[in-house]
$ cat target-v3.cif   # mmCIF, C-alpha atoms and all ligand atoms; chains and numbers go by the auth columns
data_final
#
loop_
_atom_site.group_PDB
_atom_site.id
_atom_site.type_symbol
_atom_site.label_atom_id
_atom_site.label_comp_id
_atom_site.label_asym_id
_atom_site.label_seq_id
_atom_site.Cartn_x
_atom_site.Cartn_y
_atom_site.Cartn_z
_atom_site.B_iso_or_equiv
_atom_site.auth_seq_id
_atom_site.auth_asym_id
ATOM 1 C CA MET A 1 94.076 113.998 120.127 0.00 1 H
ATOM 2 C CA ALA A 2 94.899 116.175 117.122 0.00 2 H
ATOM 3 C CA ARG A 3 91.922 117.614 115.355 0.00 3 H
ATOM 4 C CA TRP A 4 91.234 116.460 111.808 0.00 4 H
ATOM 5 C CA PRO A 5 92.733 119.350 109.823 0.00 5 H
ATOM 6 C CA TYR A 6 90.276 119.639 106.928 0.00 6 H
ATOM 7 C CA GLY A 7 86.706 120.848 107.276 0.00 7 H
ATOM 8 C CA TYR A 8 85.537 119.653 103.881 0.00 8 H
ATOM 9 C CA CYS A 9 85.800 116.505 101.793 0.00 9 H
ATOM 10 C CA PRO A 10 88.392 116.995 98.984 0.00 10 H
ATOM 11 C CA ASP A 11 86.296 114.702 96.768 0.00 11 H
ATOM 12 C CA CYS A 12 82.771 116.111 97.063 0.00 12 H
ATOM 13 C CA GLY A 13 83.156 119.299 99.111 0.00 13 H
ATOM 14 C CA GLY A 14 80.817 118.021 101.815 0.00 14 H
ATOM 15 C CA SER A 15 81.411 118.959 105.427 0.00 15 H
ATOM 16 C CA LEU A 16 83.581 116.593 107.475 0.00 16 H
ATOM 17 C CA ASP A 17 82.940 118.469 110.709 0.00 17 H
ATOM 18 C CA ILE A 18 80.987 115.740 112.424 0.00 18 H
ATOM 19 C CA PHE A 19 83.998 113.390 112.142 0.00 19 H
ATOM 20 C CA CYS A 20 86.501 115.725 113.733 0.00 20 H
ATOM 21 C CA GLN A 21 86.345 114.051 117.103 0.00 21 H
ATOM 22 C CA ILE A 22 86.424 110.450 115.901 0.00 22 H
ATOM 23 C CA THR A 23 89.998 110.059 114.762 0.00 23 H
ATOM 24 C CA SER A 24 92.970 112.232 113.985 0.00 24 H
ATOM 25 C CA THR A 25 94.235 109.920 111.244 0.00 25 H
ATOM 26 C CA HIS A 26 91.203 108.955 109.183 0.00 26 H
ATOM 27 C CA ALA A 27 87.946 110.553 108.113 0.00 27 H
ATOM 28 C CA LEU A 28 85.057 108.923 106.293 0.00 28 H
ATOM 29 C CA CYS A 29 82.979 111.409 104.323 0.00 29 H
ATOM 30 C CA PRO A 30 79.325 111.124 105.353 0.00 30 H
ATOM 31 C CA HIS A 31 78.217 112.488 101.963 0.00 31 H
ATOM 32 C CA CYS A 32 80.161 110.463 99.347 0.00 32 H
ATOM 33 C CA GLY A 33 81.788 107.706 101.427 0.00 33 H
ATOM 34 C CA ALA A 34 85.376 108.657 100.524 0.00 34 H
ATOM 35 C CA HIS A 35 88.073 107.686 103.016 0.00 35 H
ATOM 36 C CA HIS A 36 90.642 110.343 103.786 0.00 36 H
ATOM 37 C CA TYR A 37 93.863 109.549 105.629 0.00 37 H
ATOM 38 C CA ARG A 38 96.114 111.972 107.405 0.00 38 H
ATOM 39 C CA ASP A 39 99.524 110.752 106.240 0.00 39 H
ATOM 40 C CA PRO A 40 102.896 111.586 107.775 0.00 40 H
ATOM 41 C CA LYS A 41 105.176 113.923 105.889 0.00 41 H
ATOM 42 C CA THR A 42 108.327 112.219 104.577 0.00 42 H
ATOM 43 C CA GLY A 43 111.680 113.887 105.004 0.00 43 H
ATOM 44 C CA ALA A 44 115.099 112.791 103.777 0.00 44 H
ATOM 45 C CA GLY A 45 118.543 113.954 104.751 0.00 45 H
ATOM 46 C CA VAL A 46 122.223 113.151 104.853 0.00 46 H
ATOM 47 C CA LEU A 47 124.791 112.503 107.516 0.00 47 H
ATOM 48 C CA ILE A 48 128.109 113.646 106.080 0.00 48 H
ATOM 49 C CA GLU A 49 131.376 113.270 107.863 0.00 49 H
ATOM 50 C CA ASP A 50 134.432 114.898 106.390 0.00 50 H
ATOM 51 C CA ALA A 51 137.873 114.619 108.026 0.00 51 H
ATOM 52 C CA GLY A 52 136.282 113.660 111.349 0.00 52 H
ATOM 53 C CA ARG A 53 133.811 116.540 111.289 0.00 53 H
ATOM 54 C CA LEU A 54 130.029 116.486 110.912 0.00 54 H
ATOM 55 C CA LEU A 55 128.297 118.679 108.329 0.00 55 H
ATOM 56 C CA LEU A 56 125.432 120.765 109.720 0.00 56 H
ATOM 57 C CA VAL A 57 123.436 123.632 108.213 0.00 57 H
ATOM 58 C CA ARG A 58 121.802 126.555 110.022 0.00 58 H
ATOM 59 C CA ARG A 59 118.127 127.091 109.247 0.00 59 H
ATOM 60 C CA ALA A 60 117.323 130.518 107.788 0.00 60 H
ATOM 61 C CA VAL A 61 113.556 129.986 107.843 0.00 61 H
ATOM 62 C CA ASP A 62 110.918 129.015 110.340 0.00 62 H
ATOM 63 C CA PRO A 63 110.281 126.687 111.986 0.00 63 H
ATOM 64 C CA ARG A 64 113.437 126.688 114.140 0.00 64 H
ATOM 65 C CA ARG A 65 115.152 129.552 112.318 0.00 65 H
ATOM 66 C CA GLY A 66 118.720 129.975 113.575 0.00 66 H
ATOM 67 C CA THR A 67 119.152 126.388 114.746 0.00 67 H
ATOM 68 C CA TRP A 68 121.325 123.676 113.230 0.00 68 H
ATOM 69 C CA HIS A 69 120.168 120.567 111.401 0.00 69 H
ATOM 70 C CA VAL A 70 121.555 118.000 108.999 0.00 70 H
ATOM 71 C CA PRO A 71 120.981 118.907 105.323 0.00 71 H
ATOM 72 C CA SER A 72 117.489 117.639 104.621 0.00 72 H
ATOM 73 C CA GLY A 73 114.021 118.401 103.387 0.00 73 H
ATOM 74 C CA PHE A 74 110.679 116.987 102.390 0.00 74 H
ATOM 75 C CA VAL A 75 110.456 114.287 99.746 0.00 75 H
ATOM 76 C CA ASP A 76 108.488 115.627 96.778 0.00 76 H
ATOM 77 C CA TYR A 77 105.451 113.793 95.459 0.00 77 H
ATOM 78 C CA GLY A 78 106.732 110.948 93.258 0.00 78 H
ATOM 79 C CA GLU A 79 110.368 111.482 94.258 0.00 79 H
ATOM 80 C CA SER A 80 112.522 108.790 95.873 0.00 80 H
ATOM 81 C CA PRO A 81 114.025 109.475 99.325 0.00 81 H
ATOM 82 C CA GLN A 82 117.474 108.970 97.785 0.00 82 H
ATOM 83 C CA ASP A 83 116.873 111.609 95.106 0.00 83 H
ATOM 84 C CA ALA A 84 115.375 113.955 97.710 0.00 84 H
ATOM 85 C CA ALA A 85 118.408 113.574 99.999 0.00 85 H
ATOM 86 C CA ARG A 86 120.849 114.308 97.155 0.00 86 H
ATOM 87 C CA ARG A 87 118.733 117.228 95.911 0.00 87 H
ATOM 88 C CA GLU A 88 118.378 118.823 99.338 0.00 88 H
ATOM 89 C CA VAL A 89 122.059 118.707 100.188 0.00 89 H
ATOM 90 C CA LEU A 90 122.903 120.214 96.786 0.00 90 H
ATOM 91 C CA GLU A 91 120.282 122.970 97.213 0.00 91 H
ATOM 92 C CA GLU A 92 121.323 123.834 100.759 0.00 92 H
ATOM 93 C CA THR A 93 125.105 123.442 100.580 0.00 93 H
ATOM 94 C CA GLY A 94 126.177 123.331 96.910 0.00 94 H
ATOM 95 C CA LEU A 95 127.776 119.944 97.589 0.00 95 H
ATOM 96 C CA GLN A 96 127.330 116.910 95.389 0.00 96 H
ATOM 97 C CA VAL A 97 127.204 113.708 97.377 0.00 97 H
ATOM 98 C CA GLU A 98 127.021 109.983 96.897 0.00 98 H
ATOM 99 C CA LEU A 99 124.848 108.048 99.324 0.00 99 H
ATOM 100 C CA ASP A 100 126.597 105.221 101.169 0.00 100 H
ATOM 101 C CA ASN A 101 123.943 103.504 103.272 0.00 101 H
ATOM 102 C CA LEU A 102 120.834 104.040 105.315 0.00 102 H
ATOM 103 C CA PHE A 103 121.741 105.467 108.737 0.00 103 H
ATOM 104 C CA ARG A 104 118.397 105.837 110.540 0.00 104 H
ATOM 105 C CA VAL A 105 114.651 105.923 109.949 0.00 105 H
ATOM 106 C CA LEU A 106 113.021 108.120 112.600 0.00 106 H
ATOM 107 C CA ALA A 107 109.482 109.243 113.336 0.00 107 H
ATOM 108 C CA TYR A 108 108.847 112.746 114.639 0.00 108 H
ATOM 109 C CA THR A 109 105.991 114.789 116.066 0.00 109 H
ATOM 110 C CA ASP A 110 107.793 117.990 117.046 0.00 110 H
ATOM 111 C CA ASP A 111 107.611 119.853 113.723 0.00 111 H
ATOM 112 C CA GLU A 112 104.896 122.516 113.526 0.00 112 H
ATOM 113 C CA ARG A 113 104.245 121.511 109.907 0.00 113 H
ATOM 114 C CA GLY A 114 103.023 118.090 110.966 0.00 114 H
ATOM 115 C CA ALA A 115 104.173 114.663 112.102 0.00 115 H
ATOM 116 C CA GLY A 116 106.443 112.728 109.799 0.00 116 H
ATOM 117 C CA ILE A 117 109.038 110.105 109.005 0.00 117 H
ATOM 118 C CA PHE A 118 112.664 111.116 108.535 0.00 118 H
ATOM 119 C CA ILE A 119 114.987 108.959 106.424 0.00 119 H
ATOM 120 C CA LEU A 120 118.658 109.682 106.981 0.00 120 H
ATOM 121 C CA PHE A 121 121.422 108.388 104.712 0.00 121 H
ATOM 122 C CA LYS A 122 125.140 108.355 105.290 0.00 122 H
ATOM 123 C CA ALA A 123 126.815 110.087 102.395 0.00 123 H
ATOM 124 C CA HIS A 124 130.157 111.413 101.234 0.00 124 H
ATOM 125 C CA ILE A 125 131.065 114.477 99.214 0.00 125 H
ATOM 126 C CA THR A 126 131.960 113.951 95.558 0.00 126 H
ATOM 127 C CA GLY A 127 132.033 117.548 94.289 0.00 127 H
ATOM 128 C CA GLY A 128 131.131 121.183 94.774 0.00 128 H
ATOM 129 C CA ALA A 129 132.173 123.756 97.385 0.00 129 H
ATOM 130 C CA PRO A 130 130.160 124.432 100.565 0.00 130 H
ATOM 131 C CA VAL A 131 127.978 127.537 100.147 0.00 131 H
ATOM 132 C CA ALA A 132 124.810 128.113 102.161 0.00 132 H
ATOM 133 C CA ALA A 133 121.727 128.586 99.985 0.00 133 H
ATOM 134 C CA ASP A 134 118.006 127.884 99.770 0.00 134 H
ATOM 135 C CA ASP A 135 116.582 127.778 103.313 0.00 135 H
ATOM 136 C CA VAL A 136 119.894 127.731 105.206 0.00 136 H
ATOM 137 C CA ASP A 137 122.281 130.642 105.876 0.00 137 H
ATOM 138 C CA LYS A 138 125.360 128.808 107.143 0.00 138 H
ATOM 139 C CA VAL A 139 127.160 125.547 106.418 0.00 139 H
ATOM 140 C CA GLY A 140 129.518 124.212 109.042 0.00 140 H
ATOM 141 C CA PHE A 141 131.766 121.239 109.697 0.00 141 H
ATOM 142 C CA PHE A 142 132.017 120.367 113.378 0.00 142 H
ATOM 143 C CA SER A 143 134.413 118.148 115.275 0.00 143 H
ATOM 144 C CA PRO A 144 132.881 116.325 118.277 0.00 144 H
ATOM 145 C CA GLN A 145 134.315 119.063 120.539 0.00 145 H
ATOM 146 C CA GLU A 146 132.981 121.941 118.409 0.00 146 H
ATOM 147 C CA LEU A 147 129.365 120.813 117.950 0.00 147 H
ATOM 148 C CA PRO A 148 126.646 123.402 118.636 0.00 148 H
ATOM 149 C CA PRO A 149 125.045 123.093 122.090 0.00 149 H
ATOM 150 C CA THR A 150 122.001 120.825 122.324 0.00 150 H
ATOM 151 C CA GLU A 151 119.584 123.755 122.540 0.00 151 H
ATOM 152 C CA ALA A 152 120.918 125.078 119.224 0.00 152 H
ATOM 153 C CA LEU A 153 119.969 121.851 117.410 0.00 153 H
ATOM 154 C CA ALA A 154 116.722 122.155 115.470 0.00 154 H
ATOM 155 C CA PHE A 155 114.679 119.089 116.281 0.00 155 H
ATOM 156 C CA LYS A 156 114.556 116.185 118.706 0.00 156 H
ATOM 157 C CA ASN A 157 115.822 113.955 115.891 0.00 157 H
ATOM 158 C CA THR A 158 118.725 116.338 115.236 0.00 158 H
ATOM 159 C CA ARG A 159 119.774 115.842 118.857 0.00 159 H
ATOM 160 C CA LEU A 160 119.480 112.053 118.513 0.00 160 H
ATOM 161 C CA ILE A 161 121.472 112.042 115.282 0.00 161 H
ATOM 162 C CA VAL A 162 124.222 114.308 116.604 0.00 162 H
ATOM 163 C CA ALA A 163 124.459 112.278 119.823 0.00 163 H
ATOM 164 C CA ALA A 164 124.706 109.014 117.831 0.00 164 H
ATOM 165 C CA TRP A 165 127.442 110.479 115.634 0.00 165 H
ATOM 166 C CA ARG A 166 129.365 111.860 118.616 0.00 166 H
ATOM 167 C CA GLN A 167 129.106 108.495 120.376 0.00 167 H
ATOM 168 C CA ALA A 168 130.430 106.697 117.291 0.00 168 H
ATOM 169 C CA GLN A 169 133.376 109.118 117.149 0.00 169 H
ATOM 170 C CA GLN A 170 134.285 108.379 120.742 0.00 170 H
ATOM 171 C CA GLU A 171 134.155 104.634 120.159 0.00 171 H
ATOM 172 C CA SER A 172 136.289 104.664 117.010 0.00 172 H
HETATM 173 ZN ZN ZN B . 82.842 113.392 100.251 0.00 1 D
#
$ encode --input "target-v3.cif" --output "structure tokens"
Amino acid sequence: MARWPYGYCPDCGGSLDIFCQITSTHALCPHCGAHHYRDPKTGAGVLIEDAGRLLLVRRAVDPRRGTWHVPSGFVDYGESPQDAARREVLEETGLQVELDNLFRVLAYTDDERGAGIFILFKAHITGGAPVAADDVDKVGFFSPQELPPTEALAFKNTRLIVAAWRQAQQES
């Protein structure tokens, strides 16, 4: 079981140490009674196909520096997943996109920054030219035959997403 990550109550500053072993998702402060939940991170991204090729970006930062992922990032506090998906793809690739539909909602536990929920939209390009920026150093379009090898894909969900896309290409 994951250890509760905070030693002190954010409300009153009292020690939460004695609750560390009880649950990894919830702590009840013994001093002020506040409930604290360990919430999943929320990520949003886009699946973009252009002329039969899938858009992937290469991560320039840790975790998983040098591996490929779909354009994506964390949803900011108060931001919608749709706005986050459009913002991230613009920041990472310089491409403006329009979202078409929800493609997948996936849970993950293999990111060192914490467990989370990943919301992936299908999207299409409406403007801009592909230039790697922000936390990626390469933007690539891949046909099913040219996709990076599985071990070069960043996360377990990246492998699921790429496999689902490749499968759909073969069936169409
Ligand atoms: Zn407290």
$ residues_around --input "target-v3.cif" --residues "Arg113 of chain H" --least-positions-apart "5" --cutoff "12 Å" --atoms "only C-alpha atoms" --output "list in words"
Pro5, Pro40, Lys41, Thr42, Gly43, Asp62, Pro63, Arg64, Phe74 and Tyr108 of chain H
$ write_last_selection --input "target-v3.cif" --atoms "C-alpha atoms" --output "short mmCIF file (atom, residue, chain, number, x, y, z; two decimals), keeping the file's coordinate frame"
data_model
loop_
_atom_site.label_atom_id
_atom_site.label_comp_id
_atom_site.auth_asym_id
_atom_site.auth_seq_id
_atom_site.Cartn_x
_atom_site.Cartn_y
_atom_site.Cartn_z
CA PRO H 5 92.73 119.35 109.82
CA PRO H 40 102.90 111.59 107.78
CA LYS H 41 105.18 113.92 105.89
CA THR H 42 108.33 112.22 104.58
CA GLY H 43 111.68 113.89 105.00
CA ASP H 62 110.92 129.01 110.34
CA PRO H 63 110.28 126.69 111.99
CA ARG H 64 113.44 126.69 114.14
CA PHE H 74 110.68 116.99 102.39
CA TYR H 108 108.85 112.75 114.64
#
$ atom_distance --input "target-v3.cif" --atom1 "atom CA of Ala152 of chain H" --atom2 "atom CA of Thr67 of chain H"
5.0 Å
$ resolve_selection --input "target-v3.cif" --expression "the PyMOL selection byres (((chain H and resi 120) around 9) and not hetatm)" --output "list in words"
Gly43, Ala44, Gly45, Val46, Leu47, Ser72, Pro81, Ala85, Asn101, Leu102, Phe103, Arg104, Val105, Leu106, Phe118, Ile119, Phe121 and Lys122 of chain H
$ residues_near_ligand --input "target-v3.cif" --ligand "ligand ZN 1 (chain D)" --cutoff "10 Å" --atoms "only C-alpha atoms and all ligand atoms" --output "list of chain:residue names"
H:Tyr8, H:Cys9, H:Pro10, H:Asp11, H:Cys12, H:Gly13, H:Gly14, H:Ser15, H:Leu16, H:Ala27, H:Leu28, H:Cys29, H:Pro30, H:His31, H:Cys32, H:Gly33, H:Ala34, H:His35, H:His36
$ write_last_selection --input "target-v3.cif" --atoms "C-alpha atoms" --output "PDB file, in the coordinates of the input"
ATOM      1  CA  TYR H   8      85.537 119.653 103.881  1.00  0.00           C
ATOM      2  CA  CYS H   9      85.800 116.505 101.793  1.00  0.00           C
ATOM      3  CA  PRO H  10      88.392 116.995  98.984  1.00  0.00           C
ATOM      4  CA  ASP H  11      86.296 114.702  96.768  1.00  0.00           C
ATOM      5  CA  CYS H  12      82.771 116.111  97.063  1.00  0.00           C
ATOM      6  CA  GLY H  13      83.156 119.299  99.111  1.00  0.00           C
ATOM      7  CA  GLY H  14      80.817 118.021 101.815  1.00  0.00           C
ATOM      8  CA  SER H  15      81.411 118.959 105.427  1.00  0.00           C
ATOM      9  CA  LEU H  16      83.581 116.593 107.475  1.00  0.00           C
ATOM     10  CA  ALA H  27      87.946 110.553 108.113  1.00  0.00           C
ATOM     11  CA  LEU H  28      85.057 108.923 106.293  1.00  0.00           C
ATOM     12  CA  CYS H  29      82.979 111.409 104.323  1.00  0.00           C
ATOM     13  CA  PRO H  30      79.325 111.124 105.353  1.00  0.00           C
ATOM     14  CA  HIS H  31      78.217 112.488 101.963  1.00  0.00           C
ATOM     15  CA  CYS H  32      80.161 110.463  99.347  1.00  0.00           C
ATOM     16  CA  GLY H  33      81.788 107.706 101.427  1.00  0.00           C
ATOM     17  CA  ALA H  34      85.376 108.657 100.524  1.00  0.00           C
ATOM     18  CA  HIS H  35      88.073 107.686 103.016  1.00  0.00           C
ATOM     19  CA  HIS H  36      90.642 110.343 103.786  1.00  0.00           C
TER      20      HIS H  36
END
$ resolve_selection --input "target-v3.cif" --expression "the PyMOL selection byres (((chain H and resi 136-150) around 7) and not hetatm)" --output "PyMOL selection string"
chain H and resi 52-60+92-93+130-135+151-153+159+166
$ closest_residue --input "target-v3.cif" --among "H:Ala51, H:Thr126, H:His26, H:Glu171" --to "Tyr6 of chain H" --atoms "all atoms listed in the file"
H:His26
$ atom_distance --input "target-v3.cif" --atom1 "atom CA of His69 of chain H" --atom2 "atom CA of Lys156 of chain H"
10.2 Å
$ axis_aligned_box --input "target-v3.cif" --around "segment 72-81 of chain H" --padding-each-side "3 Å" --output "AutoDock Vina command-line options"
--center_x 111.5 --center_y 113.6 --center_z 98.9 --size_x 18.0 --size_y 15.6 --size_z 17.4
$ closest_residue --input "target-v3.cif" --among "H:Thr25, H:Asp39, H:Glu88, H:Ala154" --to "Asp76 of chain H" --atoms "all atoms listed in the file"
H:Glu88
$ atom_distance --input "target-v3.cif" --atom1 "atom CA of Asp110 of chain H" --atom2 "atom CA of Gly73 of chain H"
15.0 Å
$ resolve_selection --input "target-v3.cif" --expression "the PyMOL selection byres (((chain H and resi 98) around 7) and not hetatm)" --output "VMD selection string"
chain H and resid 97 99 to 100 123 to 126
$ closest_residue --input "target-v3.cif" --among "H:Ala115, H:Ala163, H:Ala84, H:Val89" --to "Arg38 of chain H" --atoms "all atoms listed in the file"
H:Ala115
$ closest_residue --input "target-v3.cif" --among "H:Gly116, H:Gly7, H:Gly78, H:Gly66" --to "Asn157 of chain H" --atoms "only C-alpha atoms"
H:Gly116
